[in-house]
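Quick look at upload03.txt (compact mmCIF, C-alpha atoms):
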# COMPACT_ATOMS: atom_id res chain seq x y z
CA MET H 1 105.71 125.06 79.85
CA ALA H 2 106.99 121.60 78.96
CA ALA H 3 110.07 122.14 81.11
CA GLY H 4 107.84 122.96 84.08
CA LYS H 5 105.84 119.76 83.64
CA TRP H 6 109.04 117.72 83.32
CA HIS H 7 110.31 119.33 86.54
CA LEU H 8 107.03 118.44 88.28
CA ASP H 9 107.26 114.83 87.07
CA CYS H 10 110.83 114.51 88.34
CA HIS H 11 109.97 116.11 91.67
CA LEU H 12 106.99 113.81 92.27
CA ALA H 13 109.01 110.76 91.21
CA SER H 14 111.67 111.81 93.71
CA ASP H 15 109.00 112.12 96.41
CA ALA H 16 107.82 108.61 95.57
CA HIS H 17 111.37 107.28 95.64
CA TRP H 18 112.18 108.78 99.03
CA GLY H 19 108.74 107.88 100.33
CA GLY H 20 109.60 104.25 99.68
CA ARG H 21 112.62 104.62 101.91
CA THR H 22 110.84 106.34 104.77
CA LEU H 23 111.02 104.52 108.07
CA LEU H 24 109.07 107.07 110.10
CA PRO H 25 106.20 105.24 111.75
CA VAL H 26 104.12 108.42 111.93
CA ILE H 27 104.09 108.96 108.15
CA PRO H 28 104.53 105.64 106.39
CA GLY H 29 106.42 105.88 103.11
CA GLN H 30 103.58 104.23 101.26
CA ILE H 31 101.27 107.12 102.09
CA LEU H 32 103.81 109.56 100.66
CA ILE H 33 103.95 107.50 97.48
CA ILE H 34 100.15 107.55 97.13
CA VAL H 35 100.09 111.31 97.85
CA ALA H 36 102.78 111.90 95.20
CA ALA H 37 100.79 109.88 92.64
CA GLY H 38 97.55 111.66 93.55
CA ALA H 39 99.21 115.08 93.40
CA HIS H 40 100.63 114.27 89.97
CA TRP H 41 97.24 113.15 88.69
CA TRP H 42 95.46 116.15 90.22
CA VAL H 43 97.95 118.80 89.02
CA LYS H 44 98.41 117.53 85.48
CA GLY H 45 94.80 116.51 84.89
CA ALA H 46 94.25 115.25 81.34
CA ASP H 47 97.99 115.48 80.60
CA SER H 48 98.74 112.96 83.32
CA ASN H 49 99.62 109.51 82.09
CA LEU H 50 98.56 108.00 85.42
CA GLY H 51 95.22 106.26 85.38
CA TRP H 52 92.88 105.34 88.17
CA TRP H 53 94.29 101.79 88.04
CA THR H 54 97.70 103.07 89.11
CA ILE H 55 96.24 104.73 92.21
CA ALA H 56 94.15 101.60 92.88
CA ILE H 57 97.21 99.33 92.62
CA LEU H 58 99.16 101.58 94.98
CA VAL H 59 96.28 101.59 97.51
CA VAL H 60 95.99 97.78 97.37
CA LEU H 61 99.76 97.39 97.87
CA PHE H 62 99.56 99.84 100.79
CA ALA H 63 96.77 97.79 102.41
CA ILE H 64 98.77 94.58 101.97
CA SER H 65 101.89 96.12 103.51
CA GLN H 66 100.02 97.51 106.51
CA THR H 67 98.30 94.17 107.11
CA MET H 68 101.62 92.34 106.88
CA GLU H 69 103.21 94.68 109.39
CA TYR H 70 100.45 94.29 111.98
CA VAL H 71 100.02 90.53 111.59
CA SER H 72 103.70 89.57 111.33
CA GLY H 73 104.39 89.75 115.08
CA ALA H 74 101.49 87.43 115.83
CA VAL H 75 102.57 85.00 113.11
CA GLY H 76 106.12 84.98 114.50
CA SER H 77 104.81 84.28 117.99
CA LYS H 78 102.68 81.39 116.74
CA TYR H 79 105.56 79.97 114.67
CA PHE H 80 107.78 79.90 117.77
CA GLY H 81 105.19 78.02 119.82
CA GLY H 82 102.98 80.79 121.14
CA SER H 83 99.36 80.22 122.11
CA LYS H 84 96.37 82.40 121.34
CA TRP H 85 97.40 84.47 124.36
CA GLY H 86 100.82 85.10 122.86
CA ILE H 87 99.26 86.08 119.55
CA GLY H 88 96.88 88.48 121.29
CA GLY H 89 99.71 89.89 123.38
CA ALA H 90 101.86 90.45 120.28
CA ILE H 91 99.03 92.32 118.55
CA LEU H 92 98.21 94.42 121.61
CA GLY H 93 101.89 95.05 122.28
CA GLY H 94 102.36 96.15 118.68
CA LEU H 95 99.51 98.64 118.97
CA VAL H 96 100.83 100.02 122.27
CA GLY H 97 104.34 100.09 120.80
CA LEU H 98 103.18 102.52 118.11
CA PHE H 99 103.09 105.22 120.77
CA PHE H 100 106.70 104.56 121.78
CA ALA H 101 108.32 104.57 118.36
CA PRO H 102 110.83 103.63 117.14
CA PHE H 103 111.84 101.12 119.82
CA GLY H 104 108.27 100.36 120.81
CA LEU H 105 107.58 98.98 117.34
CA LEU H 106 109.94 96.10 118.07
CA LEU H 107 109.71 95.84 121.84
CA GLY H 108 105.91 96.14 122.03
CA PRO H 109 105.11 92.79 120.37
CA LEU H 110 108.01 91.10 122.19
CA ILE H 111 106.90 92.28 125.62
CA GLY H 112 103.20 91.77 124.84
CA ALA H 113 103.66 88.17 123.70
CA PHE H 114 105.96 87.37 126.65
CA VAL H 115 103.67 88.89 129.30
CA PHE H 116 100.50 87.32 127.90
CA GLU H 117 102.12 83.88 127.59
CA TRP H 118 103.57 84.06 131.10
CA PHE H 119 100.68 85.71 132.91
CA PHE H 120 97.56 84.44 131.12
CA ALA H 121 98.65 81.17 129.49
CA LYS H 122 100.67 80.25 132.62
CA LYS H 123 103.66 79.10 130.57
CA GLU H 124 107.18 78.81 131.94
CA ILE H 125 109.47 81.79 131.43
CA GLU H 126 111.52 80.00 128.74
CA GLU H 127 108.42 79.17 126.67
CA ALA H 128 107.02 82.67 127.12
CA ALA H 129 110.38 84.16 126.12
CA ARG H 130 110.48 81.96 123.01
CA SER H 131 107.07 83.28 122.00
CA GLY H 132 108.21 86.87 122.61
CA VAL H 133 111.39 86.42 120.58
CA GLY H 134 109.34 84.85 117.78
CA SER H 135 107.09 87.88 117.85
CA ALA H 136 110.10 90.20 117.54
CA ILE H 137 111.53 88.16 114.66
CA GLY H 138 108.14 88.19 112.93
CA THR H 139 107.90 91.95 113.41
CA VAL H 140 111.32 92.51 111.84
CA MET H 141 110.34 90.27 108.91
CA GLY H 142 107.10 92.24 108.52
CA MET H 143 109.04 95.52 108.47
CA GLY H 144 111.30 94.09 105.77
CA ILE H 145 108.29 93.06 103.70
CA LYS H 146 106.77 96.50 104.18
CA ILE H 147 109.94 98.20 102.96
CA GLY H 148 110.09 95.83 99.99
CA ILE H 149 106.50 96.65 99.05
CA ALA H 150 107.24 100.39 99.40
CA VAL H 151 110.20 100.07 97.03
CA ALA H 152 107.98 98.14 94.58
CA MET H 153 105.33 100.87 94.83
CA ALA H 154 107.86 103.61 94.15
CA GLY H 155 109.34 101.65 91.27
CA TYR H 156 105.91 101.02 89.75
CA LEU H 157 105.00 104.70 90.03
CA ILE H 158 108.26 105.85 88.47
CA VAL H 159 107.95 103.36 85.61
CA ASP H 160 104.32 104.35 85.07
CA LEU H 161 105.21 108.06 85.07
CA PHE H 162 107.98 107.84 82.52
CA TRP H 163 107.62 104.67 80.44
CA ILE H 164 104.07 103.32 80.37

This entry written out as structure tokens:
Amino acid sequence: MAAGKWHLDCHLASDAHWGGRTLLPVIPGQILIIVAAGAHWWVKGADSNLGWWTIAILVVLFAISQTMEYVSGAVGSKYFGGSKWGIGGAILGGLVGLFFAPFGLLLGPLIGAFVFEWFFAKKEIEEAARSGVGSAIGTVMGMGIKIGIAVAMAGYLIVDLFWI
């Protein structure tokens, strides 16, 4: 029986590890990590060394990573000189881009910030393009932060499963 539990622990840790590397926008890796932790806790019950605080920490890290991903395009647009229209366009473009993954995740904020700056804020094409490029750079930075948080989540879960 102990060998079966050890196999389950290793399998769920592997799910958490690969969940941290997932780049599919439909099923974020962080959700897979939380599901792996929840499945471990549910299956092993009292024998599980995971506490509610582990699940809570993973959920908080997930919320932070999702917020960073959605806000990063708007922050990048603002940093590169965008107005409130550019920020709104980056957010709206990011939401529309979700439906055209994977390229829409990057192009949505870029196009949204550019179009809103050019059409609504009446900025010149160069200024609108700068805001759009800033949005794309911010989006890439947000994706990097999200991947970093996912790796930290997987690492925390693996350490908590085997060493804490």

Q: Name the closest residue to Ala154 in chain H among the candidates H:Gly89, H:Gly97, H:Pro109, H:Gly29; distances are taken between atoms, counting only C-alpha atoms.
A: H:Gly29

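Computed from the coordinates, the CA of Ile31 in chain H to CA of Ala74 in chain H distance equals 24.0 Å.
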
Q: Find the residues around range 51-58 of chain H up to 10 Å (only C-alpha atoms counted), leave out those fewer than 2 positions away in its own chain, and share them as number ranges by chain.
A: H: 30-31, 33-35, 37-38, 41, 46, 48-49, 60-64, 149-150, 152-154, 156-157, 160-161

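All residues of protein, DNA or RNA that reach within 9 Å of Leu106 in chain H, judged by all atoms listed in the file and not counting those fewer than 6 positions away in the chain, are Gly73, Gly94, Gly97, Ser135, Ala136, Ile137, Thr139 and Val140 of chain H.
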
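CA of Ala129 in chain H is found 5.5 Å from CA of Phe114 in chain H.
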
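Shown here are all protein and nucleic acid residues lying within 12 Å of (107.8, 75.6, 117.1), with all atoms listed in the file considered: Val75, Gly76, Ser77, Lys78, Tyr79, Phe80, Gly81, Gly82, Ser83, Glu127, Arg130, Ser131, Val133 and Gly134 of chain H.
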
Q: Record the distance separating CA of Met143 in chain H and CA of Glu69 in chain H, expressed in Å with one decimal.
A: 6.0 Å

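Residues near the point (97.1, 89.8, 128.1), at a distance of 7 Å or less over only C-alpha atoms, make up Trp85, Gly88, Gly89, Val115, Phe116 and Phe120 of chain H.
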
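Each of H:Gly108, H:Gly142, H:Gly148, H:Gly155 was checked against Met68 in chain H using only C-alpha atoms; the smallest atom-to-atom distance is that of H:Gly142.
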
Please write a file for range 29-68 of chain H, taken from the block I just shared, that holds N, CA and C atoms and is laid out as a short mmCIF file (atom, residue, chain, number, x, y, z; two decimals), in the first residue's frame.
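result12.cif was written with the following content:
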data_model
loop_
_atom_site.label_atom_id
_atom_site.label_comp_id
_atom_site.auth_asym_id
_atom_site.auth_seq_id
_atom_site.Cartn_x
_atom_site.Cartn_y
_atom_site.Cartn_z
N GLY H 29 -1.65 26.65 -16.54
CA GLY H 29 -0.88 25.71 -15.75
C GLY H 29 -1.16 25.83 -14.28
N GLN H 30 -1.45 27.03 -13.81
CA GLN H 30 -1.71 27.21 -12.39
C GLN H 30 -2.95 26.45 -11.95
N ILE H 31 -3.95 26.36 -12.80
CA ILE H 31 -5.15 25.60 -12.44
C ILE H 31 -4.80 24.13 -12.31
N LEU H 32 -3.96 23.62 -13.19
CA LEU H 32 -3.54 22.22 -13.09
C LEU H 32 -2.78 21.97 -11.79
N ILE H 33 -1.99 22.92 -11.37
CA ILE H 33 -1.24 22.77 -10.12
C ILE H 33 -2.21 22.72 -8.94
N ILE H 34 -3.20 23.60 -8.92
CA ILE H 34 -4.19 23.61 -7.84
C ILE H 34 -5.00 22.31 -7.86
N VAL H 35 -5.37 21.84 -9.05
CA VAL H 35 -6.12 20.58 -9.15
C VAL H 35 -5.27 19.42 -8.64
N ALA H 36 -3.99 19.39 -8.99
CA ALA H 36 -3.11 18.32 -8.50
C ALA H 36 -3.02 18.36 -6.98
N ALA H 37 -2.88 19.54 -6.40
CA ALA H 37 -2.81 19.65 -4.94
C ALA H 37 -4.13 19.23 -4.30
N GLY H 38 -5.24 19.68 -4.86
CA GLY H 38 -6.55 19.30 -4.33
C GLY H 38 -6.81 17.81 -4.45
N ALA H 39 -6.42 17.21 -5.59
CA ALA H 39 -6.59 15.77 -5.77
C ALA H 39 -5.76 15.00 -4.75
N HIS H 40 -4.55 15.44 -4.52
CA HIS H 40 -3.69 14.79 -3.53
C HIS H 40 -4.34 14.85 -2.15
N TRP H 41 -4.82 16.01 -1.77
CA TRP H 41 -5.43 16.19 -0.46
C TRP H 41 -6.71 15.37 -0.34
N TRP H 42 -7.50 15.32 -1.41
CA TRP H 42 -8.77 14.61 -1.39
C TRP H 42 -8.56 13.09 -1.35
N VAL H 43 -7.61 12.58 -2.15
CA VAL H 43 -7.39 11.14 -2.24
C VAL H 43 -6.74 10.60 -0.96
N LYS H 44 -5.76 11.30 -0.45
CA LYS H 44 -5.02 10.78 0.70
C LYS H 44 -5.67 11.11 2.03
N GLY H 45 -6.53 12.09 2.07
CA GLY H 45 -7.26 12.41 3.29
C GLY H 45 -6.34 12.75 4.45
N ALA H 46 -6.48 12.03 5.56
CA ALA H 46 -5.70 12.31 6.77
C ALA H 46 -4.21 12.01 6.58
N ASP H 47 -3.88 11.15 5.63
CA ASP H 47 -2.47 10.82 5.36
C ASP H 47 -1.77 11.91 4.56
N SER H 48 -2.52 12.83 4.02
CA SER H 48 -1.92 13.90 3.22
C SER H 48 -1.18 14.88 4.12
N ASN H 49 0.01 15.23 3.69
CA ASN H 49 0.75 16.23 4.47
C ASN H 49 0.49 17.65 3.96
N LEU H 50 -0.46 17.80 3.04
CA LEU H 50 -0.83 19.13 2.58
C LEU H 50 -1.91 19.68 3.50
N GLY H 51 -1.76 20.91 3.90
CA GLY H 51 -2.77 21.55 4.72
C GLY H 51 -3.59 22.52 3.91
N TRP H 52 -4.59 23.09 4.54
CA TRP H 52 -5.43 24.06 3.83
C TRP H 52 -4.62 25.28 3.44
N TRP H 53 -3.55 25.59 4.21
CA TRP H 53 -2.73 26.76 3.91
C TRP H 53 -1.99 26.60 2.59
N THR H 54 -1.64 25.37 2.25
CA THR H 54 -0.97 25.14 0.97
C THR H 54 -1.90 25.47 -0.18
N ILE H 55 -3.12 24.96 -0.11
CA ILE H 55 -4.12 25.25 -1.15
C ILE H 55 -4.38 26.76 -1.19
N ALA H 56 -4.49 27.39 -0.03
CA ALA H 56 -4.75 28.84 0.02
C ALA H 56 -3.61 29.62 -0.61
N ILE H 57 -2.37 29.24 -0.32
CA ILE H 57 -1.22 29.92 -0.92
C ILE H 57 -1.23 29.76 -2.43
N LEU H 58 -1.53 28.56 -2.90
CA LEU H 58 -1.58 28.32 -4.35
C LEU H 58 -2.68 29.14 -5.01
N VAL H 59 -3.82 29.26 -4.36
CA VAL H 59 -4.94 30.05 -4.92
C VAL H 59 -4.56 31.54 -4.96
N VAL H 60 -3.92 32.04 -3.91
CA VAL H 60 -3.50 33.45 -3.89
C VAL H 60 -2.47 33.71 -4.99
N LEU H 61 -1.50 32.81 -5.14
CA LEU H 61 -0.50 32.97 -6.21
C LEU H 61 -1.16 32.92 -7.59
N PHE H 62 -2.16 32.06 -7.75
CA PHE H 62 -2.90 31.99 -9.01
C PHE H 62 -3.61 33.32 -9.29
N ALA H 63 -4.25 33.89 -8.28
CA ALA H 63 -4.95 35.17 -8.46
C ALA H 63 -3.97 36.28 -8.83
N ILE H 64 -2.82 36.29 -8.19
CA ILE H 64 -1.80 37.30 -8.51
C ILE H 64 -1.33 37.15 -9.95
N SER H 65 -1.07 35.91 -10.38
CA SER H 65 -0.57 35.70 -11.74
C SER H 65 -1.60 36.08 -12.79
N GLN H 66 -2.87 35.76 -12.55
CA GLN H 66 -3.90 36.13 -13.51
C GLN H 66 -4.06 37.64 -13.59
N THR H 67 -4.02 38.31 -12.44
CA THR H 67 -4.12 39.77 -12.43
C THR H 67 -2.96 40.39 -13.18
N MET H 68 -1.76 39.87 -12.94
CA MET H 68 -0.58 40.41 -13.62
C MET H 68 -0.70 40.24 -15.14
#
